[in-house]
$ cat run.pdb   # PDB, C-alpha atoms and all ligand atoms
ATOM      1  CA  MET U   1     125.836 217.571 -57.352
ATOM      2  CA  ILE U   2     124.025 218.038 -60.661
ATOM      3  CA  PRO U   3     120.388 219.174 -60.317
ATOM      4  CA  THR U   4     117.776 216.687 -61.517
ATOM      5  CA  LEU U   5     114.454 217.059 -63.334
ATOM      6  CA  ALA U   6     111.267 215.058 -62.767
ATOM      7  CA  LEU U   7     109.987 212.695 -65.454
ATOM      8  CA  ASN U   8     106.285 211.914 -65.969
ATOM      9  CA  ASP U   9     106.787 208.382 -64.565
ATOM     10  CA  GLY U  10     108.090 209.537 -61.172
ATOM     11  CA  ASN U  11     111.773 209.005 -61.953
ATOM     12  CA  ARG U  12     114.313 211.822 -62.104
ATOM     13  CA  ILE U  13     117.014 212.644 -64.635
ATOM     14  CA  PRO U  14     120.181 214.765 -64.311
ATOM     15  CA  ALA U  15     119.884 218.221 -65.900
ATOM     16  CA  ILE U  16     122.876 217.554 -68.216
ATOM     17  CA  GLY U  17     124.519 214.419 -69.588
ATOM     18  CA  LEU U  18     127.345 213.097 -71.742
ATOM     19  CA  GLY U  19     126.832 212.160 -75.401
ATOM     20  CA  THR U  20     128.975 209.289 -76.694
ATOM     21  CA  TRP U  21     128.581 209.421 -80.473
ATOM     22  CA  PRO U  22     130.940 208.961 -82.343
ATOM     23  CA  MET U  23     133.180 207.549 -79.618
ATOM     24  CA  ASN U  24     134.715 204.135 -80.155
ATOM     25  CA  GLU U  25     138.078 203.157 -78.639
ATOM     26  CA  GLU U  26     138.145 206.367 -76.577
ATOM     27  CA  ALA U  27     134.705 205.600 -75.055
ATOM     28  CA  PRO U  28     135.793 203.665 -71.911
ATOM     29  CA  GLY U  29     138.211 206.425 -70.878
ATOM     30  CA  ALA U  30     135.822 209.243 -71.766
ATOM     31  CA  VAL U  31     132.908 207.702 -69.868
ATOM     32  CA  ARG U  32     135.122 206.980 -66.876
ATOM     33  CA  THR U  33     136.495 210.546 -66.679
ATOM     34  CA  ALA U  34     133.005 212.000 -67.139
ATOM     35  CA  LEU U  35     131.649 209.929 -64.247
ATOM     36  CA  GLU U  36     134.658 210.862 -62.105
ATOM     37  CA  LEU U  37     133.951 214.534 -62.854
ATOM     38  CA  GLY U  38     130.345 214.146 -61.694
ATOM     39  CA  TYR U  39     128.302 213.327 -64.807
ATOM     40  CA  ARG U  40     125.445 211.005 -63.905
ATOM     41  CA  LEU U  41     123.633 210.758 -67.284
ATOM     42  CA  ILE U  42     125.279 208.850 -70.147
ATOM     43  CA  ASP U  43     123.774 208.665 -73.645
ATOM     44  CA  THR U  44     124.560 205.827 -76.041
ATOM     45  CA  ALA U  45     122.663 203.832 -78.704
ATOM     46  CA  ALA U  46     122.841 200.433 -80.345
ATOM     47  CA  LYS U  47     123.552 202.308 -83.588
ATOM     48  CA  TYR U  48     126.737 203.861 -82.112
ATOM     49  CA  GLU U  49     128.261 200.387 -81.727
ATOM     50  CA  ASN U  50     129.960 201.435 -78.512
ATOM     51  CA  GLU U  51     127.658 199.978 -75.843
ATOM     52  CA  GLU U  52     130.336 197.525 -74.655
ATOM     53  CA  ALA U  53     132.899 200.307 -74.421
ATOM     54  CA  VAL U  54     130.446 202.558 -72.557
ATOM     55  CA  GLY U  55     129.656 199.698 -70.149
ATOM     56  CA  GLN U  56     133.377 199.218 -69.565
ATOM     57  CA  GLY U  57     133.788 202.913 -68.695
ATOM     58  CA  ILE U  58     130.919 202.666 -66.207
ATOM     59  CA  VAL U  59     132.539 199.698 -64.435
ATOM     60  CA  GLU U  60     135.999 201.280 -64.442
ATOM     61  CA  SER U  61     134.681 204.532 -62.929
ATOM     62  CA  GLY U  62     133.732 202.760 -59.713
ATOM     63  CA  VAL U  63     130.660 205.013 -59.407
ATOM     64  CA  PRO U  64     127.787 203.021 -57.873
ATOM     65  CA  ARG U  65     125.445 201.779 -60.596
ATOM     66  CA  GLU U  66     122.327 203.183 -58.932
ATOM     67  CA  GLN U  67     123.722 206.728 -59.168
ATOM     68  CA  ILE U  68     123.970 206.612 -62.978
ATOM     69  CA  VAL U  69     121.213 207.129 -65.532
ATOM     70  CA  VAL U  70     122.189 205.071 -68.573
ATOM     71  CA  THR U  71     120.343 205.757 -71.825
ATOM     72  CA  THR U  72     120.452 203.569 -74.904
ATOM     73  CA  LYS U  73     118.317 203.464 -78.044
ATOM     74  CA  LEU U  74     116.537 200.998 -80.287
ATOM     75  CA  ARG U  75     118.006 201.119 -83.784
ATOM     76  CA  GLY U  76     115.795 201.256 -86.882
ATOM     77  CA  ALA U  77     116.638 197.736 -88.035
ATOM     78  CA  ASP U  78     115.211 196.335 -84.790
ATOM     79  CA  GLN U  79     111.822 198.061 -84.833
ATOM     80  CA  GLY U  80     108.785 195.804 -84.293
ATOM     81  CA  TYR U  81     107.399 194.165 -81.134
ATOM     82  CA  GLU U  82     109.423 190.932 -80.820
ATOM     83  CA  SER U  83     112.563 192.421 -82.383
ATOM     84  CA  THR U  84     112.501 195.302 -79.878
ATOM     85  CA  LEU U  85     112.419 192.813 -76.995
ATOM     86  CA  ARG U  86     115.359 190.937 -78.536
ATOM     87  CA  ALA U  87     117.313 194.116 -79.302
ATOM     88  CA  PHE U  88     116.867 195.261 -75.725
ATOM     89  CA  GLU U  89     118.444 192.023 -74.444
ATOM     90  CA  THR U  90     121.417 192.565 -76.760
ATOM     91  CA  SER U  91     121.907 196.140 -75.553
ATOM     92  CA  ARG U  92     121.596 195.097 -71.929
ATOM     93  CA  ARG U  93     124.163 192.335 -72.421
ATOM     94  CA  LYS U  94     126.599 194.602 -74.269
ATOM     95  CA  LEU U  95     126.325 197.291 -71.605
ATOM     96  CA  GLY U  96     126.742 194.600 -68.942
ATOM     97  CA  LEU U  97     123.802 195.944 -66.923
ATOM     98  CA  GLU U  98     120.870 194.352 -65.119
ATOM     99  CA  TYR U  99     118.542 197.181 -66.074
ATOM    100  CA  ILE U 100     118.589 200.227 -68.367
ATOM    101  CA  ASP U 101     117.458 203.543 -66.945
ATOM    102  CA  LEU U 102     116.130 205.092 -70.146
ATOM    103  CA  TYR U 103     115.397 203.253 -73.400
ATOM    104  CA  LEU U 104     114.486 205.329 -76.463
ATOM    105  CA  ILE U 105     113.154 204.587 -79.953
ATOM    106  CA  HIS U 106     115.975 206.205 -81.959
ATOM    107  CA  TRP U 107     113.981 207.404 -85.015
ATOM    108  CA  PRO U 108     110.262 207.053 -85.842
ATOM    109  CA  LEU U 109     110.830 205.834 -89.447
ATOM    110  CA  PRO U 110     107.212 206.582 -90.462
ATOM    111  CA  ARG U 111     107.557 204.834 -93.837
ATOM    112  CA  VAL U 112     108.465 201.579 -92.063
ATOM    113  CA  ASP U 113     105.492 202.169 -89.740
ATOM    114  CA  LYS U 114     106.574 199.957 -86.848
ATOM    115  CA  TYR U 115     107.026 202.552 -84.145
ATOM    116  CA  VAL U 116     103.692 201.787 -82.455
ATOM    117  CA  ASP U 117     104.599 198.081 -82.151
ATOM    118  CA  SER U 118     108.054 199.065 -80.919
ATOM    119  CA  TRP U 119     106.456 201.364 -78.360
ATOM    120  CA  ARG U 120     104.201 198.555 -77.088
ATOM    121  CA  ALA U 121     107.360 196.496 -76.508
ATOM    122  CA  MET U 122     108.966 199.391 -74.646
ATOM    123  CA  VAL U 123     105.907 199.557 -72.378
ATOM    124  CA  LYS U 124     106.251 195.801 -71.725
ATOM    125  CA  LEU U 125     109.962 196.203 -70.865
ATOM    126  CA  ARG U 126     109.071 198.878 -68.351
ATOM    127  CA  GLU U 127     106.315 196.724 -66.855
ATOM    128  CA  ASP U 128     108.827 193.864 -66.569
ATOM    129  CA  GLY U 129     111.109 196.147 -64.561
ATOM    130  CA  VAL U 130     114.137 195.851 -66.840
ATOM    131  CA  VAL U 131     113.800 199.453 -68.005
ATOM    132  CA  ARG U 132     113.114 202.296 -65.566
ATOM    133  CA  SER U 133     111.909 204.911 -68.067
ATOM    134  CA  ILE U 134     110.935 204.718 -71.726
ATOM    135  CA  GLY U 135     111.039 207.417 -74.343
ATOM    136  CA  VAL U 136     111.546 208.365 -77.947
ATOM    137  CA  SER U 137     113.885 210.404 -80.092
ATOM    138  CA  ASN U 138     113.184 212.556 -83.129
ATOM    139  CA  PHE U 139     109.405 212.243 -82.719
ATOM    140  CA  THR U 140     107.096 214.993 -84.016
ATOM    141  CA  ALA U 141     103.817 215.935 -82.301
ATOM    142  CA  ALA U 142     101.950 213.625 -84.711
ATOM    143  CA  HIS U 143     104.198 210.653 -83.844
ATOM    144  CA  LEU U 144     103.762 211.343 -80.139
ATOM    145  CA  ASP U 145      99.994 211.596 -80.477
ATOM    146  CA  ARG U 146      99.794 208.283 -82.284
ATOM    147  CA  ILE U 147     101.679 206.249 -79.660
ATOM    148  CA  ILE U 148      99.830 207.962 -76.829
ATOM    149  CA  ALA U 149      96.453 207.283 -78.496
ATOM    150  CA  GLU U 150      97.306 203.616 -79.092
ATOM    151  CA  THR U 151      98.843 202.787 -75.705
ATOM    152  CA  ASP U 152      97.795 205.527 -73.270
ATOM    153  CA  VAL U 153     101.461 205.816 -72.295
ATOM    154  CA  ALA U 154     103.298 209.088 -72.931
ATOM    155  CA  PRO U 155     107.073 208.865 -73.385
ATOM    156  CA  ALA U 156     109.122 210.215 -70.483
ATOM    157  CA  VAL U 157     111.582 211.865 -72.899
ATOM    158  CA  ASN U 158     111.807 213.047 -76.506
ATOM    159  CA  GLN U 159     115.447 213.535 -77.558
ATOM    160  CA  ILE U 160     115.605 215.956 -80.501
ATOM    161  CA  GLU U 161     118.087 218.106 -82.386
ATOM    162  CA  LEU U 162     118.125 221.356 -80.411
ATOM    163  CA  HIS U 163     120.635 224.220 -80.259
ATOM    164  CA  PRO U 164     120.597 227.994 -80.813
ATOM    165  CA  TYR U 165     120.592 227.523 -84.613
ATOM    166  CA  PHE U 166     117.510 225.271 -84.306
ATOM    167  CA  THR U 167     115.586 226.246 -81.211
ATOM    168  CA  GLN U 168     112.558 223.976 -81.729
ATOM    169  CA  ALA U 169     110.073 226.247 -79.951
ATOM    170  CA  GLU U 170     107.066 224.394 -81.394
ATOM    171  CA  GLN U 171     108.353 220.904 -80.664
ATOM    172  CA  ARG U 172     109.378 221.899 -77.140
ATOM    173  CA  ALA U 173     105.867 223.219 -76.520
ATOM    174  CA  ALA U 174     104.364 220.058 -78.033
ATOM    175  CA  ASP U 175     106.523 217.892 -75.745
ATOM    176  CA  THR U 176     105.599 219.920 -72.658
ATOM    177  CA  GLU U 177     101.868 219.786 -73.479
ATOM    178  CA  ARG U 178     102.151 215.993 -73.483
ATOM    179  CA  THR U 179     104.238 215.869 -70.235
ATOM    180  CA  VAL U 180     107.301 214.746 -72.233
ATOM    181  CA  LEU U 181     110.698 216.120 -71.158
ATOM    182  CA  THR U 182     112.844 217.345 -74.067
ATOM    183  CA  GLU U 183     116.493 216.343 -74.368
ATOM    184  CA  SER U 184     118.810 218.203 -76.772
ATOM    185  CA  TRP U 185     121.093 216.339 -79.148
ATOM    186  CA  SER U 186     123.906 218.312 -80.792
ATOM    187  CA  PRO U 187     123.425 220.909 -78.032
ATOM    188  CA  LEU U 188     126.544 222.795 -79.205
ATOM    189  CA  ALA U 189     125.455 222.418 -82.854
ATOM    190  CA  ARG U 190     128.530 220.258 -83.288
ATOM    191  CA  ASN U 191     130.539 223.126 -84.740
ATOM    192  CA  ALA U 192     132.815 225.961 -83.804
ATOM    193  CA  GLN U 193     130.787 228.521 -85.747
ATOM    194  CA  LEU U 194     128.052 228.713 -83.123
ATOM    195  CA  LEU U 195     130.628 229.080 -80.380
ATOM    196  CA  SER U 196     132.141 232.132 -82.096
ATOM    197  CA  GLU U 197     128.852 233.967 -82.711
ATOM    198  CA  PRO U 198     129.308 237.582 -81.487
ATOM    199  CA  ALA U 199     126.184 237.342 -79.277
ATOM    200  CA  VAL U 200     127.539 234.227 -77.562
ATOM    201  CA  GLU U 201     131.004 235.788 -77.170
ATOM    202  CA  GLN U 202     129.653 239.002 -75.652
ATOM    203  CA  ILE U 203     127.452 237.193 -73.144
ATOM    204  CA  ALA U 204     130.318 234.869 -72.187
ATOM    205  CA  ALA U 205     132.648 237.830 -71.607
ATOM    206  CA  ARG U 206     130.018 239.513 -69.413
ATOM    207  CA  HIS U 207     129.677 236.424 -67.197
ATOM    208  CA  GLU U 208     133.381 235.493 -67.430
ATOM    209  CA  VAL U 209     132.582 231.997 -68.662
ATOM    210  CA  GLU U 210     133.368 229.994 -71.820
ATOM    211  CA  ASN U 211     131.256 230.509 -74.951
ATOM    212  CA  SER U 212     130.222 226.835 -74.814
ATOM    213  CA  GLN U 213     129.038 227.310 -71.216
ATOM    214  CA  VAL U 214     126.701 230.102 -72.340
ATOM    215  CA  VAL U 215     125.117 227.783 -74.911
ATOM    216  CA  LEU U 216     124.719 224.934 -72.417
ATOM    217  CA  ARG U 217     123.311 227.304 -69.795
ATOM    218  CA  TRP U 218     120.724 228.448 -72.401
ATOM    219  CA  HIS U 219     119.540 224.803 -72.651
ATOM    220  CA  ILE U 220     119.360 224.474 -68.851
ATOM    221  CA  GLN U 221     117.248 227.625 -68.556
ATOM    222  CA  LEU U 222     114.923 226.418 -71.327
ATOM    223  CA  GLY U 223     114.260 223.419 -69.079
ATOM    224  CA  VAL U 224     115.683 220.905 -71.576
ATOM    225  CA  VAL U 225     118.481 218.394 -70.962
ATOM    226  CA  PRO U 226     121.599 218.854 -73.136
ATOM    227  CA  ILE U 227     123.908 215.891 -73.729
ATOM    228  CA  PRO U 228     127.119 217.451 -75.104
ATOM    229  CA  LYS U 229     129.680 214.984 -76.390
ATOM    230  CA  SER U 230     133.283 215.494 -75.414
ATOM    231  CA  ALA U 231     136.138 213.071 -75.167
ATOM    232  CA  SER U 232     138.364 215.711 -73.565
ATOM    233  CA  PRO U 233     138.353 215.815 -69.737
ATOM    234  CA  ASP U 234     138.863 219.607 -69.793
ATOM    235  CA  ARG U 235     135.872 220.208 -72.054
ATOM    236  CA  GLN U 236     133.789 217.638 -70.146
ATOM    237  CA  SER U 237     134.560 219.532 -66.954
ATOM    238  CA  SER U 238     133.754 222.918 -68.455
ATOM    239  CA  ASN U 239     130.498 221.607 -69.985
ATOM    240  CA  LEU U 240     129.346 220.379 -66.590
ATOM    241  CA  ASP U 241     130.163 223.649 -64.840
ATOM    242  CA  VAL U 242     127.047 225.586 -65.887
ATOM    243  CA  PHE U 243     125.143 225.897 -62.613
ATOM    244  CA  GLY U 244     127.007 228.862 -61.101
ATOM    245  CA  PHE U 245     125.668 231.717 -63.279
ATOM    246  CA  GLU U 246     122.368 232.804 -64.776
ATOM    247  CA  LEU U 247     121.447 234.346 -68.122
ATOM    248  CA  SER U 248     118.994 237.253 -68.122
ATOM    249  CA  ASP U 249     115.753 237.092 -70.123
ATOM    250  CA  SER U 250     117.267 239.407 -72.700
ATOM    251  CA  GLU U 251     120.395 237.225 -73.005
ATOM    252  CA  MET U 252     118.159 234.162 -73.448
ATOM    253  CA  ARG U 253     116.290 236.010 -76.232
ATOM    254  CA  GLN U 254     119.539 237.094 -77.912
ATOM    255  CA  ILE U 255     120.734 233.483 -78.081
ATOM    256  CA  SER U 256     117.352 232.207 -79.288
ATOM    257  CA  ALA U 257     117.481 234.848 -82.038
ATOM    258  CA  LEU U 258     120.328 232.873 -83.677
ATOM    259  CA  ASP U 259     117.668 230.362 -84.844
ATOM    260  CA  ARG U 260     117.875 229.513 -88.549
ATOM    261  CA  GLY U 261     114.809 227.267 -88.494
ATOM    262  CA  ARG U 262     116.470 224.392 -90.343
ATOM    263  CA  HIS U 263     117.086 220.915 -88.982
ATOM    264  CA  ARG U 264     119.878 218.666 -90.134
ATOM    265  CA  LEU U 265     117.655 215.573 -90.458
ATOM    266  CA  ASP U 266     113.873 215.579 -90.986
ATOM    267  CA  PRO U 267     112.117 213.058 -88.654
ATOM    268  CA  ASP U 268     109.345 212.548 -91.219
ATOM    269  CA  THR U 269     111.763 211.336 -93.894
ATOM    270  CA  HIS U 270     115.132 210.494 -92.319
ATOM    271  CA  GLU U 271     115.867 206.783 -92.336
ATOM    272  CA  GLU U 272     118.713 205.049 -90.554
ATOM    273  CA  PHE U 273     118.798 201.458 -89.558
TER     274      PHE U 273
HETATM  275  N1  LIG U 301     119.014 210.877 -81.005
HETATM  276  C1  LIG U 301     119.679 211.195 -82.087
HETATM  277  O1  LIG U 301     119.203 211.001 -83.210
HETATM  278  C2  LIG U 301     121.045 211.786 -81.944
HETATM  279  C3  LIG U 301     121.675 212.371 -83.059
HETATM  280  C4  LIG U 301     122.938 212.923 -82.877
HETATM  281  C5  LIG U 301     123.552 212.923 -81.619
HETATM  282  N2  LIG U 301     122.911 212.317 -80.554
HETATM  283  C6  LIG U 301     123.523 212.299 -79.201
HETATM  284  O2  LIG U 301     123.811 213.632 -78.812
HETATM  285  C7  LIG U 301     125.178 213.739 -78.420
HETATM  286  C8  LIG U 301     125.697 215.137 -78.654
HETATM  287  O3  LIG U 301     125.503 215.562 -79.995
HETATM  288  P1  LIG U 301     126.710 215.772 -81.041
HETATM  289  O4  LIG U 301     127.876 214.941 -80.652
HETATM  290  O5  LIG U 301     126.115 215.629 -82.382
HETATM  291  O6  LIG U 301     127.057 217.321 -80.921
HETATM  292  P2  LIG U 301     127.581 218.327 -79.779
HETATM  293  O7  LIG U 301     127.565 217.675 -78.457
HETATM  294  O8  LIG U 301     126.823 219.580 -80.014
HETATM  295  O9  LIG U 301     129.077 218.617 -80.250
HETATM  296  C9  LIG U 301     130.100 217.690 -80.084
HETATM  297  C10 LIG U 301     131.385 218.310 -80.662
HETATM  298  O10 LIG U 301     131.709 219.502 -79.952
HETATM  299  C11 LIG U 301     133.009 219.370 -79.366
HETATM  300  N3  LIG U 301     132.930 219.992 -78.032
HETATM  301  C12 LIG U 301     132.351 219.470 -76.911
HETATM  302  N4  LIG U 301     132.455 220.332 -75.887
HETATM  303  C13 LIG U 301     133.101 221.432 -76.361
HETATM  304  C14 LIG U 301     133.517 222.663 -75.778
HETATM  305  N5  LIG U 301     133.279 222.936 -74.503
HETATM  306  N6  LIG U 301     134.175 223.549 -76.577
HETATM  307  C15 LIG U 301     134.418 223.280 -77.869
HETATM  308  N7  LIG U 301     134.058 222.132 -78.482
HETATM  309  C16 LIG U 301     133.404 221.204 -77.736
HETATM  310  C17 LIG U 301     133.324 217.896 -79.315
HETATM  311  O11 LIG U 301     134.704 217.650 -79.479
HETATM  312  P3  LIG U 301     135.651 216.970 -78.332
HETATM  313  O12 LIG U 301     135.169 215.571 -78.112
HETATM  314  O13 LIG U 301     137.009 217.014 -78.966
HETATM  315  O14 LIG U 301     135.534 217.837 -77.113
HETATM  316  C18 LIG U 301     132.557 217.381 -80.548
HETATM  317  O15 LIG U 301     133.329 217.568 -81.726
HETATM  318  C19 LIG U 301     125.859 212.642 -79.247
HETATM  319  O16 LIG U 301     127.125 212.323 -78.754
HETATM  320  C20 LIG U 301     124.848 211.528 -79.125
HETATM  321  O17 LIG U 301     124.984 210.875 -77.864
HETATM  322  C21 LIG U 301     121.665 211.775 -80.706
END
$ encode --input "run.pdb" --output "structure tokens" --more "lines below"
Ligand SMILES: NC(=O)c1ccc[n+]([C@@H]2O[C@H](COP(=O)([O-])OP(=O)(O)OC[C@H]3O[C@@H](n4cnc5c(N)ncnc54)[C@H](OP(=O)(O)O)[C@@H]3O)[C@@H](O)[C@H]2O)c1
Amino acid sequence: MIPTLALNDGNRIPAIGLGTWPMNEEAPGAVRTALELGYRLIDTAAKYENEEAVGQGIVESGVPREQIVVTTKLRGADQGYESTLRAFETSRRKLGLEYIDLYLIHWPLPRVDKYVDSWRAMVKLREDGVVRSIGVSNFTAAHLDRIIAETDVAPAVNQIELHPYFTQAEQRAADTERTVLTESWSPLARNAQLLSEPAVEQIAARHEVENSQVVLRWHIQLGVVPIPKSASPDRQSSNLDVFGFELSDSEMRQISALDRGRHRLDPDTHEEF
């Protein structure tokens, strides 16, 4: 059983999940094997154009629906009050689900300036009972403050780029101050370079675990929820197996010291629709 963390709305979320970008034809099989292995949190997005395939994997796994936390996201092109409500219906239909567990605004797109209206629609979807928890992705403290000030509703989750090369200490603190749980996208930094860092290798050898497991364990001990993507059952299994060892404070600091302070995409300027 995967441990779970409490959200600010009373729901709970598994401590680790499966990312599904950029899966396409392999998505049904990958989601099915992940659920069979014990994953209970699946992350997709309208933008990934794989919601149908993810939904198929969920059905094929045979895992009871109520045991799975399914996340999808509102794409930029659909921001705005009415268009968010419509986009949600499309995602729900493609996933083949009655309700979505966690619905996120994918990017704030400050220049477009519709994220407050989109957030009001998310609140309505939660009130209507078709979404269990609502959240955001790639929001800065200023974006969070604006939606909270305008609606009095704090997101349950903020999903941000977070890995040892970009440790996001300030944003994590900002999320926590506002009762928002942080999720990590690109938790393995999407590349092999991080996994062959001498510090990571040495710590892995000491604990007799994989280098990738050290990085994922670092996320767990930070109290954030990593969603590593893997289409390989072996790597899915290894990524999930991070609850049987513990990093010391000094090992945590050594990994955090890999920070380069540079994000891949800036939430204040990045635009994708
Ligand atoms: N909200 C956002 O704006 C946003 C942005 C980007 C991503 N995301 C979400 O976050 C998820 C994860 O991020 P990501 O896919 O960018 O990066 P990631 O999970 O850090 O890295 C994925 C890459 O690492 C490989 N990998 C996985 N486990 C491994 C292991 N144990 N050892 C070695 N290699 C391993 C995968 O290949 P194999 O499949 O071959 O194992 C894949 O190439 C995405 O799938 C998506 O759901 C969200």
$ resolve_selection --input "run.pdb" --expression "the PyMOL selection byres (((chain U and resi 65) around 12) and not hetatm)" --output "list in words"
Leu35, Arg40, Leu41, Ile42, Gly55, Gly57, Ile58, Val59, Glu60, Ser61, Gly62, Val63, Pro64, Glu66, Gln67, Ile68, Val69, Val70, Leu95, Gly96, Leu97, Glu98, Tyr99, Ile100 and Asp101 of chain U
$ resolve_selection --input "run.pdb" --expression "the PyMOL selection byres (((chain U and resi 44) around 10) and not hetatm)" --output "PyMOL selection string"
chain U and resi 18-23+42-43+45-51+54-55+70-73+95+103
$ residues_around --input "run.pdb" --residues "U:Tyr81" --least-positions-apart "3" --cutoff "10 Å" --atoms "only C-alpha atoms" --output "PyMOL selection string"
chain U and resi 78+84-86+114-122+124
$ resolve_selection --input "run.pdb" --expression "the PyMOL selection byres (((chain U and resi 1) around 10) and not hetatm)" --output "ChimeraX atom specification"
/U:2-4,14,38-40,243
$ atom_distance --input "run.pdb" --atom1 "atom C14 of ligand LIG 301 (chain U)" --atom2 "atom CA of U:Ser230"
7.2 Å
$ residues_near_ligand --input "run.pdb" --ligand "ligand LIG 301 (chain U)" --cutoff "6 Å" --atoms "only C-alpha atoms and all ligand atoms" --output "PDB file with C-alpha atoms, keeping the file's coordinate frame"
ATOM      1  CA  GLY U  19     126.832 212.160 -75.401  1.00  0.00           C
ATOM      2  CA  THR U  20     128.975 209.289 -76.694  1.00  0.00           C
ATOM      3  CA  TRP U  21     128.581 209.421 -80.473  1.00  0.00           C
ATOM      4  CA  ASP U  43     123.774 208.665 -73.645  1.00  0.00           C
ATOM      5  CA  THR U  44     124.560 205.827 -76.041  1.00  0.00           C
ATOM      6  CA  HIS U 106     115.975 206.205 -81.959  1.00  0.00           C
ATOM      7  CA  SER U 137     113.885 210.404 -80.092  1.00  0.00           C
ATOM      8  CA  GLN U 159     115.447 213.535 -77.558  1.00  0.00           C
ATOM      9  CA  TRP U 185     121.093 216.339 -79.148  1.00  0.00           C
ATOM     10  CA  SER U 186     123.906 218.312 -80.792  1.00  0.00           C
ATOM     11  CA  PRO U 187     123.425 220.909 -78.032  1.00  0.00           C
ATOM     12  CA  LEU U 188     126.544 222.795 -79.205  1.00  0.00           C
ATOM     13  CA  ALA U 189     125.455 222.418 -82.854  1.00  0.00           C
ATOM     14  CA  ARG U 190     128.530 220.258 -83.288  1.00  0.00           C
ATOM     15  CA  SER U 212     130.222 226.835 -74.814  1.00  0.00           C
ATOM     16  CA  ILE U 227     123.908 215.891 -73.729  1.00  0.00           C
ATOM     17  CA  PRO U 228     127.119 217.451 -75.104  1.00  0.00           C
ATOM     18  CA  LYS U 229     129.680 214.984 -76.390  1.00  0.00           C
ATOM     19  CA  SER U 230     133.283 215.494 -75.414  1.00  0.00           C
ATOM     20  CA  ALA U 231     136.138 213.071 -75.167  1.00  0.00           C
ATOM     21  CA  SER U 232     138.364 215.711 -73.565  1.00  0.00           C
ATOM     22  CA  ARG U 235     135.872 220.208 -72.054  1.00  0.00           C
ATOM     23  CA  ASN U 239     130.498 221.607 -69.985  1.00  0.00           C
TER      24      ASN U 239
END
$ atom_distance --input "run.pdb" --atom1 "atom CA of U:Ile220" --atom2 "atom CA of U:Phe166"
15.6 Å
$ atom_distance --input "run.pdb" --atom1 "atom CA of U:Pro226" --atom2 "atom CA of U:Pro164"
12.0 Å
$ residues_around --input "run.pdb" --residues "U:Asp9" --least-positions-apart "2" --cutoff "9 Å" --atoms "all atoms listed in the file" --output "number ranges by chain"
U: 6-7, 11-12, 132-133, 155-156
$ residues_around --input "run.pdb" --residues "U:Glu201" --least-positions-apart "3" --cutoff "6 Å" --atoms "all atoms listed in the file" --output "list in words"
Pro198, Ala204 and Asn211 of chain U
$ closest_residue --input "run.pdb" --among "U:Leu265, U:Ala142, U:Ile147, U:Leu247" --to "U:Ala174" --atoms "all atoms listed in the file"
U:Ala142
$ residues_around --input "run.pdb" --residues "stretch 256-261 of chain U" --least-positions-apart "6" --cutoff "10 Å" --atoms "all atoms listed in the file" --output "VMD selection string"
chain U and resid 163 to 169 194 197 199 to 200 215 218 250
$ build_atoms --input "run.pdb" --residues "stretch 175-186 of chain U" --atoms "N, CA and C atoms" --output "PDB file, keeping the file's coordinate frame"
ATOM      1  N   ASP U 175     106.055 218.868 -76.744  1.00  0.00           N
ATOM      2  CA  ASP U 175     106.523 217.892 -75.745  1.00  0.00           C
ATOM      3  C   ASP U 175     105.926 218.234 -74.372  1.00  0.00           C
ATOM      4  N   THR U 176     106.061 219.498 -73.982  1.00  0.00           N
ATOM      5  CA  THR U 176     105.599 219.920 -72.658  1.00  0.00           C
ATOM      6  C   THR U 176     104.101 219.667 -72.488  1.00  0.00           C
ATOM      7  N   GLU U 177     103.330 220.016 -73.538  1.00  0.00           N
ATOM      8  CA  GLU U 177     101.868 219.786 -73.479  1.00  0.00           C
ATOM      9  C   GLU U 177     101.539 218.332 -73.180  1.00  0.00           C
ATOM     10  N   ARG U 178     102.399 217.437 -73.642  1.00  0.00           N
ATOM     11  CA  ARG U 178     102.151 215.993 -73.483  1.00  0.00           C
ATOM     12  C   ARG U 178     102.933 215.399 -72.311  1.00  0.00           C
ATOM     13  N   THR U 179     103.461 216.253 -71.427  1.00  0.00           N
ATOM     14  CA  THR U 179     104.238 215.869 -70.235  1.00  0.00           C
ATOM     15  C   THR U 179     105.574 215.207 -70.563  1.00  0.00           C
ATOM     16  N   VAL U 180     106.054 215.388 -71.789  1.00  0.00           N
ATOM     17  CA  VAL U 180     107.301 214.746 -72.233  1.00  0.00           C
ATOM     18  C   VAL U 180     108.461 215.720 -72.010  1.00  0.00           C
ATOM     19  N   LEU U 181     109.527 215.270 -71.356  1.00  0.00           N
ATOM     20  CA  LEU U 181     110.698 216.120 -71.158  1.00  0.00           C
ATOM     21  C   LEU U 181     111.566 216.091 -72.426  1.00  0.00           C
ATOM     22  N   THR U 182     112.006 217.257 -72.860  1.00  0.00           N
ATOM     23  CA  THR U 182     112.844 217.345 -74.067  1.00  0.00           C
ATOM     24  C   THR U 182     114.321 217.241 -73.701  1.00  0.00           C
ATOM     25  N   GLU U 183     115.027 216.392 -74.451  1.00  0.00           N
ATOM     26  CA  GLU U 183     116.493 216.343 -74.368  1.00  0.00           C
ATOM     27  C   GLU U 183     117.052 216.910 -75.672  1.00  0.00           C
ATOM     28  N   SER U 184     118.217 217.576 -75.590  1.00  0.00           N
ATOM     29  CA  SER U 184     118.810 218.203 -76.772  1.00  0.00           C
ATOM     30  C   SER U 184     119.995 217.404 -77.283  1.00  0.00           C
ATOM     31  N   TRP U 185     119.876 216.886 -78.518  1.00  0.00           N
ATOM     32  CA  TRP U 185     121.093 216.339 -79.148  1.00  0.00           C
ATOM     33  C   TRP U 185     121.766 217.404 -79.994  1.00  0.00           C
ATOM     34  N   SER U 186     123.073 217.247 -80.185  1.00  0.00           N
ATOM     35  CA  SER U 186     123.906 218.312 -80.792  1.00  0.00           C
ATOM     36  C   SER U 186     123.671 219.656 -80.098  1.00  0.00           C
TER      37      SER U 186
END
